[in-house]
Structure formats: C-alpha cells, structure tokens
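Have a look at run.pdb below; it lists PDB, C-alpha atoms and all ligand atoms.
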ATOM      1  CA  MET A  12      30.388  -9.679 -56.848
ATOM      2  CA  SER A  13      28.799  -6.607 -58.399
ATOM      3  CA  ASN A  14      25.367  -8.221 -57.887
ATOM      4  CA  ASN A  15      25.771  -7.889 -54.182
ATOM      5  CA  ARG A  16      26.696  -4.269 -54.303
ATOM      6  CA  VAL A  17      23.994  -1.996 -53.014
ATOM      7  CA  THR A  18      23.449   0.758 -55.517
ATOM      8  CA  ARG A  19      23.120   4.332 -54.511
ATOM      9  CA  ARG A  20      19.432   4.274 -55.411
ATOM     10  CA  GLN A  21      18.809   1.124 -53.391
ATOM     11  CA  PHE A  22      20.688   2.536 -50.469
ATOM     12  CA  LEU A  23      18.617   5.699 -50.463
ATOM     13  CA  ASN A  24      15.440   3.694 -50.842
ATOM     14  CA  TYR A  25      16.255   1.498 -47.903
ATOM     15  CA  THR A  26      17.335   4.271 -45.629
ATOM     16  CA  LEU A  27      14.539   6.646 -46.500
ATOM     17  CA  THR A  28      11.872   4.000 -46.085
ATOM     18  CA  GLY A  29      13.506   3.126 -42.829
ATOM     19  CA  VAL A  30      13.585   6.684 -41.582
ATOM     20  CA  GLY A  31      10.105   7.378 -42.888
ATOM     21  CA  GLY A  32       8.741   4.300 -41.216
ATOM     22  CA  PHE A  33      10.408   5.294 -38.025
ATOM     23  CA  MET A  34       8.948   8.762 -38.213
ATOM     24  CA  ALA A  35       5.500   7.413 -38.942
ATOM     25  CA  ALA A  36       5.777   5.099 -36.006
ATOM     26  CA  GLY A  37       6.878   8.001 -33.859
ATOM     27  CA  MET A  38       3.763   9.865 -34.845
ATOM     28  CA  LEU A  39       1.321   7.006 -34.705
ATOM     29  CA  MET A  40       2.425   5.308 -31.530
ATOM     30  CA  PRO A  41       1.401   8.089 -29.152
ATOM     31  CA  MET A  42      -1.929   8.339 -30.954
ATOM     32  CA  ALA A  43      -2.497   4.644 -30.582
ATOM     33  CA  ARG A  44      -1.558   4.912 -26.946
ATOM     34  CA  PHE A  45      -4.008   7.693 -26.342
ATOM     35  CA  ALA A  46      -6.728   5.639 -27.939
ATOM     36  CA  VAL A  47      -5.958   2.428 -26.131
ATOM     37  CA  ASP A  48      -4.747   3.671 -22.773
ATOM     38  CA  PRO A  49      -8.064   4.171 -21.001
ATOM     39  CA  ILE A  50      -8.956   0.580 -21.750
ATOM     40  CA  LEU A  51      -5.631  -0.835 -20.658
ATOM     41  CA  GLN A  52      -5.456   1.203 -17.523
ATOM     42  CA  LYS A  53      -6.224  -0.830 -14.502
ATOM     43  CA  LYS A  54      -8.417   1.164 -12.207
ATOM     44  CA  ALA A  55      -6.941   1.410  -8.759
ATOM     45  CA  GLY A  56      -9.058  -0.661  -6.430
ATOM     46  CA  GLY A  57     -11.036  -2.131  -9.305
ATOM     47  CA  ASP A  58     -10.860  -5.551  -7.739
ATOM     48  CA  PHE A  59     -11.081  -6.571  -4.159
ATOM     49  CA  VAL A  60      -7.793  -6.107  -2.362
ATOM     50  CA  PRO A  61      -6.995  -8.362   0.575
ATOM     51  CA  THR A  62      -6.105  -6.891   3.950
ATOM     52  CA  ASP A  63      -4.737  -8.699   6.970
ATOM     53  CA  LYS A  64      -7.576  -7.538   9.191
ATOM     54  CA  LYS A  65      -9.646 -10.320  10.719
ATOM     55  CA  ALA A  66     -13.361  -9.610  10.462
ATOM     56  CA  SER A  67     -13.769 -10.982  13.988
ATOM     57  CA  GLU A  68     -11.499  -8.239  15.369
ATOM     58  CA  LEU A  69     -13.726  -5.416  14.208
ATOM     59  CA  SER A  70     -15.878  -3.515  16.665
ATOM     60  CA  ASP A  71     -18.185  -0.531  16.552
ATOM     61  CA  THR A  72     -15.194   1.819  16.795
ATOM     62  CA  PRO A  73     -13.633   2.702  13.433
ATOM     63  CA  VAL A  74     -10.093   1.387  12.965
ATOM     64  CA  LYS A  75      -7.578   2.126  10.273
ATOM     65  CA  VAL A  76      -7.070  -0.720   7.797
ATOM     66  CA  ASP A  77      -4.320  -0.478   5.188
ATOM     67  CA  PHE A  78      -4.345  -2.086   1.763
ATOM     68  CA  THR A  79      -1.772  -1.890  -1.006
ATOM     69  CA  PHE A  80      -1.938  -1.738  -4.797
ATOM     70  CA  GLU A  81       0.007  -0.357  -7.772
ATOM     71  CA  GLN A  82      -0.565   3.216  -8.774
ATOM     72  CA  VAL A  83       0.982   5.769 -11.103
ATOM     73  CA  ASP A  84       1.108   9.265  -9.673
ATOM     74  CA  ALA A  85       2.470  11.877 -12.014
ATOM     75  CA  TRP A  86       6.102  10.947 -12.648
ATOM     76  CA  TYR A  87       6.191   8.535  -9.823
ATOM     77  CA  LYS A  88       5.032   4.966 -10.157
ATOM     78  CA  SER A  89       4.733   3.094  -6.961
ATOM     79  CA  LYS A  90       2.926   0.695  -4.767
ATOM     80  CA  VAL A  91       0.429   2.758  -2.909
ATOM     81  CA  THR A  92      -0.982   1.979   0.446
ATOM     82  CA  ASN A  93      -4.452   3.264   1.038
ATOM     83  CA  THR A  94      -6.480   3.296   4.151
ATOM     84  CA  ALA A  95     -10.053   2.604   5.057
ATOM     85  CA  TRP A  96     -11.837   3.339   8.309
ATOM     86  CA  VAL A  97     -13.644   0.153   9.204
ATOM     87  CA  TYR A  98     -16.235  -0.588  11.881
ATOM     88  CA  LYS A  99     -19.215  -2.766  12.537
ATOM     89  CA  ASP A 100     -22.780  -1.590  12.604
ATOM     90  CA  GLY A 101     -24.528  -4.577  14.127
ATOM     91  CA  ASP A 102     -23.467  -7.392  11.792
ATOM     92  CA  LYS A 103     -22.734  -5.139   8.912
ATOM     93  CA  ILE A 104     -19.148  -4.162   8.160
ATOM     94  CA  ILE A 105     -18.774  -0.549   7.126
ATOM     95  CA  ALA A 106     -15.596   0.719   5.439
ATOM     96  CA  LEU A 107     -15.332   4.426   4.785
ATOM     97  CA  SER A 108     -12.867   6.189   2.541
ATOM     98  CA  PRO A 109     -10.567   8.544   4.442
ATOM     99  CA  VAL A 110     -10.490  11.021   1.570
ATOM    100  CA  CYS A 111     -12.003  14.328   2.622
ATOM    101  CA  LYS A 112     -14.762  15.490   0.308
ATOM    102  CA  HIS A 113     -13.526  19.042   0.460
ATOM    103  CA  LEU A 114     -10.148  18.890  -1.278
ATOM    104  CA  GLY A 115      -8.922  15.388  -0.610
ATOM    105  CA  CYS A 116      -6.867  15.313   2.581
ATOM    106  CA  THR A 117      -6.921  12.203   4.754
ATOM    107  CA  VAL A 118      -9.350  12.299   7.660
ATOM    108  CA  ASN A 119      -8.814  10.656  11.028
ATOM    109  CA  TRP A 120     -11.239   9.142  13.508
ATOM    110  CA  ASP A 121     -11.061  11.087  16.740
ATOM    111  CA  GLY A 122      -8.511  13.254  14.976
ATOM    112  CA  ASN A 123      -9.199  16.291  17.114
ATOM    113  CA  LYS A 124      -9.707  16.140  20.837
ATOM    114  CA  ASP A 125     -12.377  18.836  20.682
ATOM    115  CA  PHE A 126     -14.559  16.697  18.462
ATOM    116  CA  LYS A 127     -14.910  13.253  19.975
ATOM    117  CA  ASN A 128     -16.361  10.383  17.956
ATOM    118  CA  GLU A 129     -16.067  12.148  14.667
ATOM    119  CA  PHE A 130     -13.799  12.042  11.666
ATOM    120  CA  TYR A 131     -11.637  15.132  11.510
ATOM    121  CA  CYS A 132      -9.765  16.597   8.566
ATOM    122  CA  PRO A 133      -6.508  18.305   9.548
ATOM    123  CA  CYS A 134      -6.410  20.546   6.486
ATOM    124  CA  HIS A 135      -9.329  22.920   6.989
ATOM    125  CA  GLY A 136     -11.178  21.417   9.922
ATOM    126  CA  GLY A 137     -13.725  19.363   7.996
ATOM    127  CA  ARG A 138     -15.775  17.043  10.218
ATOM    128  CA  TYR A 139     -17.881  13.949   9.626
ATOM    129  CA  GLU A 140     -20.093  11.801  11.788
ATOM    130  CA  LYS A 141     -19.319   8.121  12.206
ATOM    131  CA  ASN A 142     -21.450   7.106   9.212
ATOM    132  CA  GLY A 143     -19.530   9.603   7.098
ATOM    133  CA  LYS A 144     -22.130  12.362   7.108
ATOM    134  CA  ASN A 145     -20.460  15.734   6.780
ATOM    135  CA  VAL A 146     -21.072  18.172   9.590
ATOM    136  CA  ALA A 147     -22.777  21.296   8.309
ATOM    137  CA  GLY A 148     -20.776  24.457   8.660
ATOM    138  CA  THR A 149     -17.438  22.715   7.950
ATOM    139  CA  PRO A 150     -15.923  22.885   4.448
ATOM    140  CA  PRO A 151     -16.914  19.445   3.063
ATOM    141  CA  LEU A 152     -20.136  19.456   1.066
ATOM    142  CA  GLY A 153     -20.817  15.734   0.966
ATOM    143  CA  PRO A 154     -20.414  12.544   2.993
ATOM    144  CA  LEU A 155     -17.331  10.317   2.930
ATOM    145  CA  ASP A 156     -17.369   7.626   0.251
ATOM    146  CA  GLU A 157     -17.875   4.037   1.178
ATOM    147  CA  PHE A 158     -15.808   1.016   0.116
ATOM    148  CA  GLU A 159     -17.341  -2.236  -0.982
ATOM    149  CA  VAL A 160     -16.302  -4.944   1.444
ATOM    150  CA  LYS A 161     -16.114  -8.713   1.447
ATOM    151  CA  VAL A 162     -14.966 -11.261   3.951
ATOM    152  CA  LYS A 163     -12.990 -14.244   2.751
ATOM    153  CA  ASP A 164     -11.555 -16.875   5.072
ATOM    154  CA  GLY A 165     -12.231 -14.577   7.964
ATOM    155  CA  LEU A 166     -10.194 -11.758   6.452
ATOM    156  CA  LEU A 167     -11.469  -8.413   5.269
ATOM    157  CA  LEU A 168     -11.284  -7.547   1.570
ATOM    158  CA  ILE A 169     -11.697  -4.003   0.306
ATOM    159  CA  GLY A 170     -13.178  -3.161  -3.080
ATOM    160  CA  LYS A 171     -14.191  -0.107  -5.058
ATOM    161  CA  THR A 172     -15.448   3.103  -3.574
ATOM    162  CA  ARG A 173     -19.016   4.179  -4.134
ATOM    163  CA  ALA A 174     -21.202   7.009  -2.898
ATOM    164  CA  ASN A 175     -22.093   6.739   0.759
ATOM    165  CA  THR A 176     -25.197   4.558   1.211
ATOM    166  CA  LEU A 177     -25.650   5.210   4.926
ATOM    167  CA  VAL A 178     -26.426   8.878   4.957
TER     168      VAL A 178
ATOM    169  CA  MET B  30      -1.678  18.205  -4.894
ATOM    170  CA  PHE B  31       1.059  17.228  -7.280
ATOM    171  CA  TRP B  32       2.926  19.459  -9.682
ATOM    172  CA  THR B  33       0.688  18.403 -12.564
ATOM    173  CA  SER B  34      -1.531  20.476 -14.810
ATOM    174  CA  LYS B  35      -4.703  19.053 -13.327
ATOM    175  CA  ASP B  36      -3.696  19.646  -9.734
ATOM    176  CA  ILE B  37      -2.307  23.086 -10.465
ATOM    177  CA  ASP B  38      -5.642  24.042 -12.037
ATOM    178  CA  GLU B  39      -7.199  23.051  -8.744
ATOM    179  CA  PHE B  40      -4.622  25.126  -6.870
ATOM    180  CA  LEU B  41      -5.341  28.169  -9.019
ATOM    181  CA  LYS B  42      -9.035  27.885  -8.221
ATOM    182  CA  GLN B  43      -8.603  27.174  -4.516
ATOM    183  CA  LYS B  44      -5.624  29.250  -3.387
ATOM    184  CA  GLU B  45      -7.472  30.193  -0.275
ATOM    185  CA  PHE B  46      -7.362  26.568   0.877
ATOM    186  CA  ILE B  47      -4.356  25.164  -0.942
ATOM    187  CA  ASP B  48      -1.843  27.533   0.547
ATOM    188  CA  THR B  49       1.288  25.477   1.156
ATOM    189  CA  ALA B  50       4.137  24.356  -1.077
ATOM    190  CA  LEU B  51       6.417  21.470  -0.184
ATOM    191  CA  VAL B  52       9.734  21.348  -2.023
ATOM    192  CA  PRO B  53      11.943  18.240  -1.887
ATOM    193  CA  LEU B  54      15.661  19.067  -2.112
ATOM    194  CA  VAL B  55      17.552  16.107  -3.500
ATOM    195  CA  ILE B  56      21.297  15.873  -3.984
ATOM    196  CA  LEU B  57      22.692  14.076  -7.001
ATOM    197  CA  GLU B  58      26.148  12.593  -6.758
ATOM    198  CA  GLY B  59      27.863  10.600  -9.432
ATOM    199  CA  LYS B  60      30.991   9.224  -7.865
ATOM    200  CA  ASP B  61      31.788   6.035  -5.991
ATOM    201  CA  LEU B  62      29.864   5.767  -2.775
ATOM    202  CA  GLY B  63      27.938   8.949  -3.352
ATOM    203  CA  ILE B  64      25.877   7.650  -6.229
ATOM    204  CA  LYS B  65      24.209   4.909  -4.240
ATOM    205  CA  GLN B  66      23.616   7.138  -1.285
ATOM    206  CA  SER B  67      22.145   9.908  -3.357
ATOM    207  CA  ALA B  68      19.817   7.472  -5.109
ATOM    208  CA  SER B  69      18.687   5.936  -1.879
ATOM    209  CA  GLY B  70      18.213   9.373  -0.338
ATOM    210  CA  ALA B  71      16.108  10.484  -3.276
ATOM    211  CA  GLU B  72      14.043   7.319  -3.043
ATOM    212  CA  PHE B  73      13.338   7.933   0.604
ATOM    213  CA  LEU B  74      12.428  11.569   0.104
ATOM    214  CA  MET B  75      10.149  10.807  -2.839
ATOM    215  CA  SER B  76       8.307   8.105  -0.924
ATOM    216  CA  LEU B  77       7.924  10.278   2.123
ATOM    217  CA  THR B  78       6.778  13.370   0.265
ATOM    218  CA  ASN B  79       4.263  11.309  -1.710
ATOM    219  CA  PHE B  80       2.919  10.018   1.560
ATOM    220  CA  ILE B  81       2.698  13.556   2.944
ATOM    221  CA  GLU B  82       0.904  14.612  -0.223
ATOM    222  CA  GLN B  83      -1.615  11.828   0.283
ATOM    223  CA  GLN B  84      -2.356  12.974   3.823
ATOM    224  CA  PHE B  85      -2.548  16.681   3.023
ATOM    225  CA  LYS B  86      -3.657  16.711  -0.600
ATOM    226  CA  GLY B  87      -6.127  19.528  -0.065
ATOM    227  CA  ARG B  88      -3.669  21.925   1.484
ATOM    228  CA  ILE B  89      -0.182  21.102   0.169
ATOM    229  CA  VAL B  90       1.244  21.241  -3.328
ATOM    230  CA  LEU B  91       4.223  18.927  -3.649
ATOM    231  CA  THR B  92       6.514  20.488  -6.244
ATOM    232  CA  SER B  93       8.729  18.516  -8.561
ATOM    233  CA  PRO B  94      11.927  17.646  -6.685
ATOM    234  CA  ILE B  95      14.821  20.087  -6.881
ATOM    235  CA  THR B  96      17.901  18.121  -7.838
ATOM    236  CA  TYR B  97      21.297  19.705  -7.371
ATOM    237  CA  THR B  98      24.943  18.750  -7.020
ATOM    238  CA  ALA B  99      27.315  19.681  -4.201
ATOM    239  CA  SER B 100      29.032  22.222  -6.444
ATOM    240  CA  MET B 101      25.891  24.244  -7.135
ATOM    241  CA  SER B 102      25.153  27.283  -5.019
ATOM    242  CA  LYS B 103      22.566  26.462  -2.392
ATOM    243  CA  GLU B 104      21.799  30.145  -1.856
ATOM    244  CA  ASP B 105      20.973  30.623  -5.511
ATOM    245  CA  ILE B 106      18.822  27.531  -5.637
ATOM    246  CA  ILE B 107      16.781  28.233  -2.577
ATOM    247  CA  THR B 108      16.222  31.942  -3.168
ATOM    248  CA  ALA B 109      15.188  31.372  -6.783
ATOM    249  CA  ILE B 110      12.747  28.615  -5.889
ATOM    250  CA  TYR B 111      11.386  30.524  -2.946
ATOM    251  CA  ASP B 112      10.767  33.645  -5.026
ATOM    252  CA  GLU B 113       8.909  31.688  -7.694
ATOM    253  CA  LEU B 114       6.651  30.067  -5.153
ATOM    254  CA  VAL B 115       5.920  33.357  -3.456
ATOM    255  CA  ALA B 116       4.996  34.752  -6.859
ATOM    256  CA  ALA B 117       2.674  31.775  -7.329
ATOM    257  CA  GLY B 118       0.828  32.875  -4.228
ATOM    258  CA  PHE B 119       1.838  30.248  -1.677
ATOM    259  CA  LYS B 120       1.437  31.429   1.879
ATOM    260  CA  TYR B 121       3.617  28.716   3.382
ATOM    261  CA  ILE B 122       6.704  27.276   1.725
ATOM    262  CA  PHE B 123       8.409  24.263   3.239
ATOM    263  CA  PHE B 124      11.604  22.664   2.040
ATOM    264  CA  ILE B 125      12.274  19.059   2.916
ATOM    265  CA  THR B 126      15.611  17.275   2.623
ATOM    266  CA  SER B 127      17.980  14.653   3.995
ATOM    267  CA  ASP B 128      21.071  16.686   3.151
ATOM    268  CA  HIS B 129      22.403  18.317   6.318
ATOM    269  CA  GLU B 130      24.174  20.975   4.267
ATOM    270  CA  TRP B 131      20.847  22.767   4.263
ATOM    271  CA  ASN B 132      20.902  23.184   8.019
ATOM    272  CA  ARG B 133      22.381  26.639   7.775
ATOM    273  CA  PHE B 134      19.255  27.839   6.020
ATOM    274  CA  THR B 135      16.895  26.965   8.845
ATOM    275  CA  THR B 136      16.811  30.503  10.209
ATOM    276  CA  ASN B 137      15.545  32.044   6.994
ATOM    277  CA  TYR B 138      13.453  29.248   5.549
ATOM    278  CA  ASP B 139      11.091  26.554   6.762
ATOM    279  CA  MET B 140      13.423  23.632   6.371
ATOM    280  CA  ILE B 141      12.402  20.129   7.374
ATOM    281  CA  TRP B 142      15.420  17.925   7.774
ATOM    282  CA  LEU B 143      15.100  14.167   8.180
ATOM    283  CA  PRO B 144      17.786  11.506   8.168
ATOM    284  CA  SER B 145      17.497   9.328   5.109
ATOM    285  CA  ILE B 146      16.349   5.771   5.700
ATOM    286  CA  PRO B 147      17.169   3.191   3.008
ATOM    287  CA  LEU B 148      13.787   1.875   1.836
ATOM    288  CA  GLY B 149      15.155  -0.074  -1.115
ATOM    289  CA  ASP B 150      14.815  -3.633   0.103
ATOM    290  CA  MET B 151      12.058  -3.047   2.577
ATOM    291  CA  ASP B 152       8.881  -4.987   2.469
ATOM    292  CA  GLU B 153       5.838  -2.836   1.703
ATOM    293  CA  LYS B 154       4.393  -3.122   5.199
ATOM    294  CA  VAL B 155       7.613  -2.244   6.995
ATOM    295  CA  LYS B 156       8.108   0.624   4.620
ATOM    296  CA  GLN B 157       4.654   1.921   5.380
ATOM    297  CA  SER B 158       5.277   1.920   9.102
ATOM    298  CA  VAL B 159       8.642   3.665   8.644
ATOM    299  CA  LEU B 160       6.950   6.338   6.564
ATOM    300  CA  SER B 161       4.169   6.734   9.122
ATOM    301  CA  ASP B 162       6.794   7.266  11.816
ATOM    302  CA  GLN B 163       8.519   9.885   9.718
ATOM    303  CA  LEU B 164       5.217  11.561   8.958
ATOM    304  CA  ARG B 165       4.629  11.908  12.658
ATOM    305  CA  GLN B 166       7.831  13.967  12.837
ATOM    306  CA  VAL B 167       6.696  16.212  10.020
ATOM    307  CA  ILE B 168       3.107  16.933  11.080
ATOM    308  CA  PRO B 169       3.979  19.098  14.110
ATOM    309  CA  VAL B 170       6.257  21.260  11.957
ATOM    310  CA  LEU B 171       3.456  21.861   9.493
ATOM    311  CA  SER B 172       0.689  22.376  12.012
ATOM    312  CA  SER B 173       2.650  24.759  14.201
ATOM    313  CA  LYS B 174       3.197  27.004  11.187
ATOM    314  CA  TRP B 175      -0.388  26.680  10.044
ATOM    315  CA  SER B 176      -1.836  27.491  13.442
ATOM    316  CA  LYS B 177       0.175  30.719  13.636
ATOM    317  CA  GLN B 178      -1.660  32.160  10.637
TER     318      GLN B 178
HETATM  319  S1  LIG C 201      -9.586  19.015   2.641
HETATM  320 FE1  LIG C 201     -10.684  18.363   4.364
HETATM  321  S2  LIG C 201     -11.522  20.172   5.114
HETATM  322 FE2  LIG C 201     -10.458  20.848   3.371
END
Written as structure tokens, that's how I'd like the structure from this file.
Ligand code: FES
Amino acid sequence: MSNNRVTRRQFLNYTLTGVGGFMAAGMLMPMARFAVDPILQKKAGGDFVPTDKKASELSDTPVKVDFTFEQVDAWYKSKVTNTAWVYKDGDKIIALSPVCKHLGCTVNWDGNKDFKNEFYCPCHGGRYEKNGKNVAGTPPLGPLDEFEVKVKDGLLLIGKTRANTLV
Amino acid sequence: MFWTSKDIDEFLKQKEFIDTALVPLVILEGKDLGIKQSASGAEFLMSLTNFIEQQFKGRIVLTSPITYTASMSKEDIITAIYDELVAAGFKYIFFITSDHEWNRFTTNYDMIWLPSIPLGDMDEKVKQSVLSDQLRQVIPVLSSKWSKQ
C-alpha cells in the first residue's frame, strides 16, 4: 500500500518537470513555428488554378476571369477569389493581374468612360494600355503584372504572376 | 489596406493617397435566436468588407471590426472611434453595418447600411456574385464622397 503512495518529493518532481516542460514548449513552439513557417506556407497561386473559362470563348477584348484559392489575410482566413483580365493576342492568351501598381487597388477594363480601351484604377485614376503598360502622368510607375496561363481540356488555367513580358 | 502593422506602415507613408477608413460595426448577441443571427451578420460583413478592401486596397484602410452589444451606447462607440480615426489623419471615414439601429446616425456620419445576407452555406461562386452585387451598392456611396473632395 505505502509503495504506491506518491511522496511529497516525487509529487513535486513530477509536477515541476511537467510545468517546466510545458513552459519550455511554450517558449520553443513559437520559435519553431517562425523557423518553419515560410517553408510550410503555401504561396497563393503557386500552382495553376483552374477556371471555368473556355479558351475558345476568349477574344481580343479583355474579360474578367475569376479563380479561387485559400488565403490568410490578417485575422481572417478565407477562400479568396481573384481576378485576371484575359484576352487573346493572335493565338497567344494574355492574362493580366488586376492589381494596380500604384497602391494595389483593382483595375477595370474600360473602367472609365473617358478612357476607352484602357484599364482604369478607381482609386487615384491610374491608367494602363491593353498590354498593361502604365500611362505616363498617372500614379502607377510600372506595368500590370502578367499571370502564367495554361489550357487544359479546353479550359483556362491561371498560374503565378510574373513581371509583364509584353511591355 | 488592413489593420495590420505592415499595411499601417504603408498608410503612414502614403496618407495623401490612402485617405479613407472603413469601419465594420458588428453586433454581438448571446441569446437564443440572436446568437445565430449575429454570427451570420458578422460573417457577411467580414466577407463584404474584405472584398471591398481587395478592390480599393490603395485608398481604403479596413479597420478591425467594432463589436458591440445592444446594451452599449452607440453614441459613445461611434464618437470615440470617429475621433481616433480623425486623429490618425483619415480624410474620409465610413462606417458599414447590417444593424439598422445605426440608421439614426446617418445625418452625422457616413453610414453604409446593407441588409445582411446569410453566406454560410453558399457555394463559393454564388457567394462571389452576391458580394459583387453588394459591392455595386457600396461603390457609388464611396465615389460620390470622394469626388466631392
Ligand atoms: S492604386 Fe491605382 S492609381 Fe493609386
């Protein structure tokens, strides 16, 4: 009977090791996470994301194509739908990022009736030509980024962004 | 921009361009029916304001949502928040909510009121089109203020 009794010393040993271990874990875990996180993080748009746009439907006028992936924004984790402006230049499919190179608003094709056949940014009036080239004298200092594209089974796939290759 | 250190750094550098604050007002209820409704309302408002942020990242700072209960004084909440944001240097301050109790503040503040739509079970594509529709209601409110200078 007395063999099973936990002595005071044993009790303290157990609990203190327990608490100490817990505290150590509390300190080490965040450090480990900081170290590992960048590797574990899946880059948004790192792979090709399918859309339901048929490649055969594209024309030389840019159209909005949505695609959805997981993203963590500040405290809010969600599925995010992004947009690309997609058109055809001859046989080549061009997909431009809608993110304004000034401060990141979303640009629209033909977004302002005073500037036909251009991308227009509603925030500070940034403008871009169809190939994404920024119009001098408006706030943006560079061209719109371009998405990598692929066609699979007739459907458009959208990949990573890269610097504009058309301008 | 979001209410994050990185985005706020950007705001501090670019106040001339990032001149608008958007403040979600979200009611929290704990009882019976209220709890589900308040959760669903918050969900809607968070999705919508995130979408607005995406469209107007370079001009709008979306603050962290202001959560309150029915018993808290709306006057106190809104004046305190407003004063802080004025002190921060925002030229335009919009509040956005689905709680119609805020309607009586529309004369003194820029209040965007939208009926809450339950997004919970919606498929991502449907949800996106609902949000786009709602965004279309919000844009004229923003741009009419902006164009007044
Ligand atoms: S964010 Fe597009 S012009 Fe400023």
Given 5 Å on each side, where is the centre and what are the edge lengths in Å to one decimal of the axis-aligned box enclosing the listed atoms of ligand LIG 201 (chain C), as JSON?
{"center_x": -10.6, "center_y": 19.6, "center_z": 3.9, "size_x": 11.9, "size_y": 12.5, "size_z": 12.5}
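Atom to atom, CA of Thr149 in chain A and CA of Cys134 in chain A stand 11.3 Å apart.
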Evaluate the PyMOL selection byres (((chain A and resi 107) around 7) and not hetatm) and report residues as a PyMOL selection string
chain A and resi 95-97+105-106+108-109+155-158
Cut-off 6 Å, all atoms listed in the file, neighbours of ligand LIG 201 (chain C) as a JSON list (two decimals) with C-alpha atoms, in the coordinates of the input:
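As a result, out-v2.json now contains:
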[["chain", "number", "residue", "atom", "x", "y", "z"],
["A", 111, "CYS", "CA", -12.00, 14.33, 2.62],
["A", 113, "HIS", "CA", -13.53, 19.04, 0.46],
["A", 114, "LEU", "CA", -10.15, 18.89, -1.28],
["A", 115, "GLY", "CA", -8.92, 15.39, -0.61],
["A", 116, "CYS", "CA", -6.87, 15.31, 2.58],
["A", 132, "CYS", "CA", -9.76, 16.60, 8.57],
["A", 134, "CYS", "CA", -6.41, 20.55, 6.49],
["A", 135, "HIS", "CA", -9.33, 22.92, 6.99],
["A", 136, "GLY", "CA", -11.18, 21.42, 9.92],
["A", 137, "GLY", "CA", -13.72, 19.36, 8.00],
["A", 150, "PRO", "CA", -15.92, 22.88, 4.45],
["A", 151, "PRO", "CA", -16.91, 19.44, 3.06],
["B", 87, "GLY", "CA", -6.13, 19.53, -0.06]]
Given the file above and the PyMOL selection byres ((chain B) within 10 of (chain A)), which residues are selected, and can you give them as a list in words?
Met30, Phe31, Trp32, Thr33, Ser34, Glu39, Gln43, Phe46, Ile47, Met75, Ser76, Asn79, Phe80, Ile81, Glu82, Gln83, Gln84, Phe85, Lys86, Gly87, Arg88, Ile89, Ser93, Glu153, Lys154, Gln157, Ile168, Ser172 and Trp175 of chain B
Report as a VMD selection string all protein, DNA and RNA residues lying within 6 Å of Thr62 in chain A, evaluated on all atoms listed in the file, omitting residues in the same chain fewer than 2 positions from it.
chain A and resid 64 78 167 to 168
Rounded to one decimal place, report the CA of Gln166 in chain B-CA of Ile169 in chain A distance in Å.
29.3 Å
Considering only C-alpha atoms, can you say which of A:Thr176, A:Lys163, A:Lys144, A:Pro73 comes closest to Gly122 in chain A?
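Smallest distance to Gly122 in chain A is found for A:Pro73.
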